[in-house]
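A.B. asks: Here it is, the structure, as structure tokens.
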Amino acid sequence: MSKPLIIGLTGGIGVGKSSVASALASYGAEVIDVDGLGREVLEPGGAAHDAVLLAFGDTVRAAEGGIDRQALAAEVFGPGQRLDELEAISHPAINSLLGERVGASSAEIIVLDMAVLAESQLARTASGPLYQRVVVVEAPLAMRLPRLVARGMTVAQAEQRMAAQAGEDERRVLADLVITNDSTLVDLEDRIAWAWPTVEAWKAQASALSVGQRQR
């Protein structure tokens, strides 16, 4: 069996990346929610749980035990700017879990749904990235902010999250394909339908390369 094509799917907060991931899944790709793995390693018993509590203290400890994610976000994105500290603990744990999930997959196309691709070491090993291609999702700020406010953030909180992420120029440098989400869901689905043949061509190229390597 040939190696899977692995795509890193990224975009700033509020661009609709999860909608794109869902649409790609409808075409047969297996989506691994890397942001979800980040939540998993912080759960009680998770690989980063104890170390985060040790580093951040009782201010992020939930009343019922475990980690209060809102309190942790306030520490990480607030005036103290402790995002690097959290990532130093959580990202190695996420990468380990991600490697297990990718290794266990039998899918031909795997999509890594991850917010911080350009600005982090997520989905990377000593030999390089796990992904062979990068798809970037973009949306205008005027659409992103209302989406984030609808999720329960204040405008200030949304702007703090955006400021902590890479800018569009940084992501575009890495992009093999850019999908713009600036209209309706129907329009977005049409754009993904237009893009899917490109994904299939990437898979064909990856399969041909894999066969060539085996024949050497």
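Simple scheme: letters A, B, ... for chains in structure tokens order, numbers from 1 for residues in each chain, numbers from 1 for ligands in the order shown.
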In segment 4-212 of chain A, what's strand (DSSP E) per DSSP? Answer as a PDB file with N, CA, C and O atoms, in the first residue's frame?
C.D. replies:
ATOM      1  N   LEU A   5      -1.322  10.566   1.308  1.00  0.00           N
ATOM      2  CA  LEU A   5      -1.068  11.989   1.126  1.00  0.00           C
ATOM      3  C   LEU A   5      -1.549  12.680   2.399  1.00  0.00           C
ATOM      4  O   LEU A   5      -2.698  12.505   2.804  1.00  0.00           O
ATOM      5  N   ILE A   6      -0.678  13.441   3.028  1.00  0.00           N
ATOM      6  CA  ILE A   6      -1.046  14.153   4.253  1.00  0.00           C
ATOM      7  C   ILE A   6      -1.021  15.649   3.969  1.00  0.00           C
ATOM      8  O   ILE A   6      -0.023  16.187   3.497  1.00  0.00           O
ATOM      9  N   ILE A   7      -2.133  16.291   4.246  1.00  0.00           N
ATOM     10  CA  ILE A   7      -2.304  17.721   3.986  1.00  0.00           C
ATOM     11  C   ILE A   7      -2.422  18.466   5.310  1.00  0.00           C
ATOM     12  O   ILE A   7      -3.199  18.070   6.187  1.00  0.00           O
ATOM     13  N   GLY A   8      -1.668  19.524   5.451  1.00  0.00           N
ATOM     14  CA  GLY A   8      -1.847  20.423   6.585  1.00  0.00           C
ATOM     15  C   GLY A   8      -2.861  21.489   6.206  1.00  0.00           C
ATOM     16  O   GLY A   8      -2.650  22.250   5.254  1.00  0.00           O
ATOM     17  N   LEU A   9      -3.977  21.506   6.912  1.00  0.00           N
ATOM     18  CA  LEU A   9      -5.046  22.483   6.665  1.00  0.00           C
ATOM     19  C   LEU A   9      -5.003  23.530   7.765  1.00  0.00           C
ATOM     20  O   LEU A   9      -5.152  23.202   8.948  1.00  0.00           O
ATOM     21  N   THR A  10      -4.791  24.783   7.386  1.00  0.00           N
ATOM     22  CA  THR A  10      -4.624  25.812   8.402  1.00  0.00           C
ATOM     23  C   THR A  10      -5.310  27.101   7.991  1.00  0.00           C
ATOM     24  O   THR A  10      -5.784  27.261   6.872  1.00  0.00           O
ATOM     25  N   GLU A  30      -9.656  11.537   5.429  1.00  0.00           N
ATOM     26  CA  GLU A  30      -9.782  11.381   6.884  1.00  0.00           C
ATOM     27  C   GLU A  30      -9.228  12.637   7.543  1.00  0.00           C
ATOM     28  O   GLU A  30      -8.087  13.031   7.278  1.00  0.00           O
ATOM     29  N   VAL A  31     -10.028  13.261   8.361  1.00  0.00           N
ATOM     30  CA  VAL A  31      -9.620  14.492   9.038  1.00  0.00           C
ATOM     31  C   VAL A  31      -9.195  14.177  10.466  1.00  0.00           C
ATOM     32  O   VAL A  31      -9.935  13.532  11.218  1.00  0.00           O
ATOM     33  N   ILE A  32      -8.011  14.606  10.820  1.00  0.00           N
ATOM     34  CA  ILE A  32      -7.535  14.506  12.199  1.00  0.00           C
ATOM     35  C   ILE A  32      -7.534  15.915  12.778  1.00  0.00           C
ATOM     36  O   ILE A  32      -6.851  16.808  12.263  1.00  0.00           O
ATOM     37  N   ASP A  33      -8.317  16.107  13.817  1.00  0.00           N
ATOM     38  CA  ASP A  33      -8.458  17.421  14.445  1.00  0.00           C
ATOM     39  C   ASP A  33      -7.285  17.636  15.405  1.00  0.00           C
ATOM     40  O   ASP A  33      -7.320  17.190  16.546  1.00  0.00           O
ATOM     41  N   ILE A 109      -5.890   9.702   1.903  1.00  0.00           N
ATOM     42  CA  ILE A 109      -5.687  11.145   2.062  1.00  0.00           C
ATOM     43  C   ILE A 109      -6.040  11.513   3.494  1.00  0.00           C
ATOM     44  O   ILE A 109      -7.150  11.229   3.964  1.00  0.00           O
ATOM     45  N   ILE A 110      -5.110  12.111   4.193  1.00  0.00           N
ATOM     46  CA  ILE A 110      -5.306  12.523   5.579  1.00  0.00           C
ATOM     47  C   ILE A 110      -5.171  14.047   5.648  1.00  0.00           C
ATOM     48  O   ILE A 110      -4.212  14.613   5.116  1.00  0.00           O
ATOM     49  N   VAL A 111      -6.115  14.678   6.286  1.00  0.00           N
ATOM     50  CA  VAL A 111      -6.085  16.133   6.470  1.00  0.00           C
ATOM     51  C   VAL A 111      -5.851  16.436   7.938  1.00  0.00           C
ATOM     52  O   VAL A 111      -6.608  15.981   8.801  1.00  0.00           O
ATOM     53  N   LEU A 112      -4.796  17.171   8.217  1.00  0.00           N
ATOM     54  CA  LEU A 112      -4.500  17.605   9.588  1.00  0.00           C
ATOM     55  C   LEU A 112      -5.100  18.992   9.772  1.00  0.00           C
ATOM     56  O   LEU A 112      -4.572  19.982   9.258  1.00  0.00           O
ATOM     57  N   ASP A 113      -6.211  19.061  10.480  1.00  0.00           N
ATOM     58  CA  ASP A 113      -6.920  20.318  10.728  1.00  0.00           C
ATOM     59  C   ASP A 113      -6.226  21.012  11.889  1.00  0.00           C
ATOM     60  O   ASP A 113      -6.383  20.617  13.046  1.00  0.00           O
ATOM     61  N   ARG A 124       5.423  18.175  13.131  1.00  0.00           N
ATOM     62  CA  ARG A 124       6.795  18.137  12.622  1.00  0.00           C
ATOM     63  C   ARG A 124       7.608  17.113  13.400  1.00  0.00           C
ATOM     64  O   ARG A 124       7.399  16.914  14.585  1.00  0.00           O
ATOM     65  N   THR A 125       8.509  16.468  12.695  1.00  0.00           N
ATOM     66  CA  THR A 125       9.432  15.523  13.310  1.00  0.00           C
ATOM     67  C   THR A 125      10.855  16.000  13.032  1.00  0.00           C
ATOM     68  O   THR A 125      11.065  17.015  12.361  1.00  0.00           O
ATOM     69  N   GLY A 128      11.366  16.469   9.380  1.00  0.00           N
ATOM     70  CA  GLY A 128      10.563  17.444   8.664  1.00  0.00           C
ATOM     71  C   GLY A 128       9.085  17.315   8.973  1.00  0.00           C
ATOM     72  O   GLY A 128       8.681  16.537   9.844  1.00  0.00           O
ATOM     73  N   PRO A 129       8.226  18.066   8.250  1.00  0.00           N
ATOM     74  CA  PRO A 129       6.780  18.025   8.509  1.00  0.00           C
ATOM     75  C   PRO A 129       6.176  16.660   8.183  1.00  0.00           C
ATOM     76  O   PRO A 129       6.645  15.961   7.288  1.00  0.00           O
ATOM     77  N   ARG A 133       1.614  18.638   1.723  1.00  0.00           N
ATOM     78  CA  ARG A 133       0.971  19.800   1.095  1.00  0.00           C
ATOM     79  C   ARG A 133       0.291  20.640   2.158  1.00  0.00           C
ATOM     80  O   ARG A 133      -0.081  20.128   3.222  1.00  0.00           O
ATOM     81  N   VAL A 134       0.096  21.923   1.838  1.00  0.00           N
ATOM     82  CA  VAL A 134      -0.546  22.848   2.774  1.00  0.00           C
ATOM     83  C   VAL A 134      -1.705  23.552   2.074  1.00  0.00           C
ATOM     84  O   VAL A 134      -1.537  24.108   0.986  1.00  0.00           O
ATOM     85  N   VAL A 135      -2.870  23.495   2.700  1.00  0.00           N
ATOM     86  CA  VAL A 135      -4.044  24.235   2.234  1.00  0.00           C
ATOM     87  C   VAL A 135      -4.357  25.311   3.274  1.00  0.00           C
ATOM     88  O   VAL A 135      -4.483  25.013   4.466  1.00  0.00           O
ATOM     89  N   VAL A 136      -4.460  26.538   2.824  1.00  0.00           N
ATOM     90  CA  VAL A 136      -4.732  27.668   3.712  1.00  0.00           C
ATOM     91  C   VAL A 136      -6.140  28.185   3.441  1.00  0.00           C
ATOM     92  O   VAL A 136      -6.529  28.376   2.284  1.00  0.00           O
ATOM     93  N   VAL A 137      -6.888  28.401   4.512  1.00  0.00           N
ATOM     94  CA  VAL A 137      -8.230  28.983   4.419  1.00  0.00           C
ATOM     95  C   VAL A 137      -8.138  30.440   4.879  1.00  0.00           C
ATOM     96  O   VAL A 137      -7.530  30.735   5.909  1.00  0.00           O
ATOM     97  N   GLU A 138      -8.746  31.322   4.102  1.00  0.00           N
ATOM     98  CA  GLU A 138      -8.742  32.741   4.443  1.00  0.00           C
ATOM     99  C   GLU A 138     -10.164  33.286   4.451  1.00  0.00           C
ATOM    100  O   GLU A 138     -11.049  32.759   3.765  1.00  0.00           O
ATOM    101  N   LEU A 177      -2.263  25.652  -1.841  1.00  0.00           N
ATOM    102  CA  LEU A 177      -3.608  26.001  -2.300  1.00  0.00           C
ATOM    103  C   LEU A 177      -4.246  26.923  -1.262  1.00  0.00           C
ATOM    104  O   LEU A 177      -4.126  26.675  -0.063  1.00  0.00           O
ATOM    105  N   VAL A 178      -4.901  27.982  -1.728  1.00  0.00           N
ATOM    106  CA  VAL A 178      -5.620  28.905  -0.839  1.00  0.00           C
ATOM    107  C   VAL A 178      -7.108  28.823  -1.167  1.00  0.00           C
ATOM    108  O   VAL A 178      -7.500  28.931  -2.335  1.00  0.00           O
ATOM    109  N   ILE A 179      -7.921  28.620  -0.136  1.00  0.00           N
ATOM    110  CA  ILE A 179      -9.375  28.609  -0.290  1.00  0.00           C
ATOM    111  C   ILE A 179      -9.919  29.819   0.456  1.00  0.00           C
ATOM    112  O   ILE A 179      -9.690  29.967   1.660  1.00  0.00           O
ATOM    113  N   THR A 180     -10.644  30.678  -0.253  1.00  0.00           N
ATOM    114  CA  THR A 180     -11.204  31.876   0.369  1.00  0.00           C
ATOM    115  C   THR A 180     -12.649  31.619   0.774  1.00  0.00           C
ATOM    116  O   THR A 180     -13.465  31.186  -0.029  1.00  0.00           O
TER     117      THR A 180
END
A.B. asks: Using only C-alpha atoms, which protein or nucleic acid residues come within 12 Å of Asp35 of chain A? Drop anything in the same chain fewer than 6 positions from it, and give the result as a list in words.
C.D. replies: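 Counting only C-alpha atoms, the residues come to Leu9, Thr10, Ile13, Lys17, Ser18, Val41, Leu42, Ser90, His91, Ile94, Asn95, Leu97, Leu98, Leu112, Asp113, Met114, Ala115, Val116, Leu117, Leu122 and Ala123 of chain A.
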A.B. asks: Mind listing the alpha helix (DSSP H) residues of segment 27-62 of chain A, per DSSP on the backbone, as a PyMOL selection string?
C.D. replies: chain A and resi 34-42+49-56
A.B. asks: Which of these, A:Glu40, A:Leu24, A:Pro140, A:Gly46, has the shortest distance to Ser183 of chain A once you count only C-alpha atoms?
C.D. replies: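 Looking only at the distances to Ser183 of chain A, the closest residue turns out to be A:Pro140.
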A.B. asks: Which value, in Å to one decimal, gives the distance between atom CA of Ile192 of chain A and atom CA of Arg171 of chain A?
C.D. replies: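 Atom-to-atom, atom CA of Ile192 of chain A to atom CA of Arg171 of chain A, that is 18.7 Å.
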A.B. asks: Need the shell around Lys3 of chain A: protein/DNA/RNA residues with any atom at most 12 Å away, counting only C-alpha atoms. Skip same-chain ones fewer than 2 positions apart. Format as a list of chain:residue names?
C.D. replies: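 That gives A:Met1, A:Leu5, A:Ile6, A:Val102, A:Gly103, A:Ser105, A:Ser106, A:Ala107, A:Glu108, A:Ile109, A:Ile110, A:Leu130, A:Tyr131, A:Gln132, A:Lys203, A:Ala204, A:Gln205, A:Ala206, A:Ser207, A:Ala208, A:Leu209, A:Ser210, A:Val211, A:Gln213, A:Arg214.
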A.B. asks: With only C-alpha atoms as the atoms that count, which of A:Ala48, A:Leu148, A:Ala193, A:Ala156 lies nearest to Gly66 of chain A?
C.D. replies: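 Closest to Gly66 of chain A of all the choices is A:Ala48.
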A.B. asks: Between A:Gly45, A:Tyr27, A:Glu64, A:Ala139, which has the minimum distance to Leu188 of chain A (counting only C-alpha atoms)?
C.D. replies: A:Ala139
A.B. asks: I'd like to know which of A:Gly12, A:Asp190, A:Met153, A:Ser2 is closest to Gln70 of chain A, using only C-alpha atoms.
C.D. replies: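 Closest residue, counting only C-alpha atoms: A:Met153.
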A.B. asks: From the list A:Val15, A:Leu145, A:Ala195, A:Ala74, which residue is nearest Glu168 of chain A when using only C-alpha atoms?
C.D. replies: A:Val15
A.B. asks: What is the distance between atom CA of Ala55 of chain A and atom CA of Asp84 of chain A, in Å to one decimal?
C.D. replies: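 Taking atom CA of Ala55 of chain A as the start and atom CA of Asp84 of chain A as the end point, the length is 12.1 Å.
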A.B. asks: Please compute the atom CA of Gly99 of chain A-atom CA of Arg161 of chain A distance, one decimal, in Å.
C.D. replies: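 Atom CA of Arg161 of chain A lies at a distance of 26.7 Å from atom CA of Gly99 of chain A.
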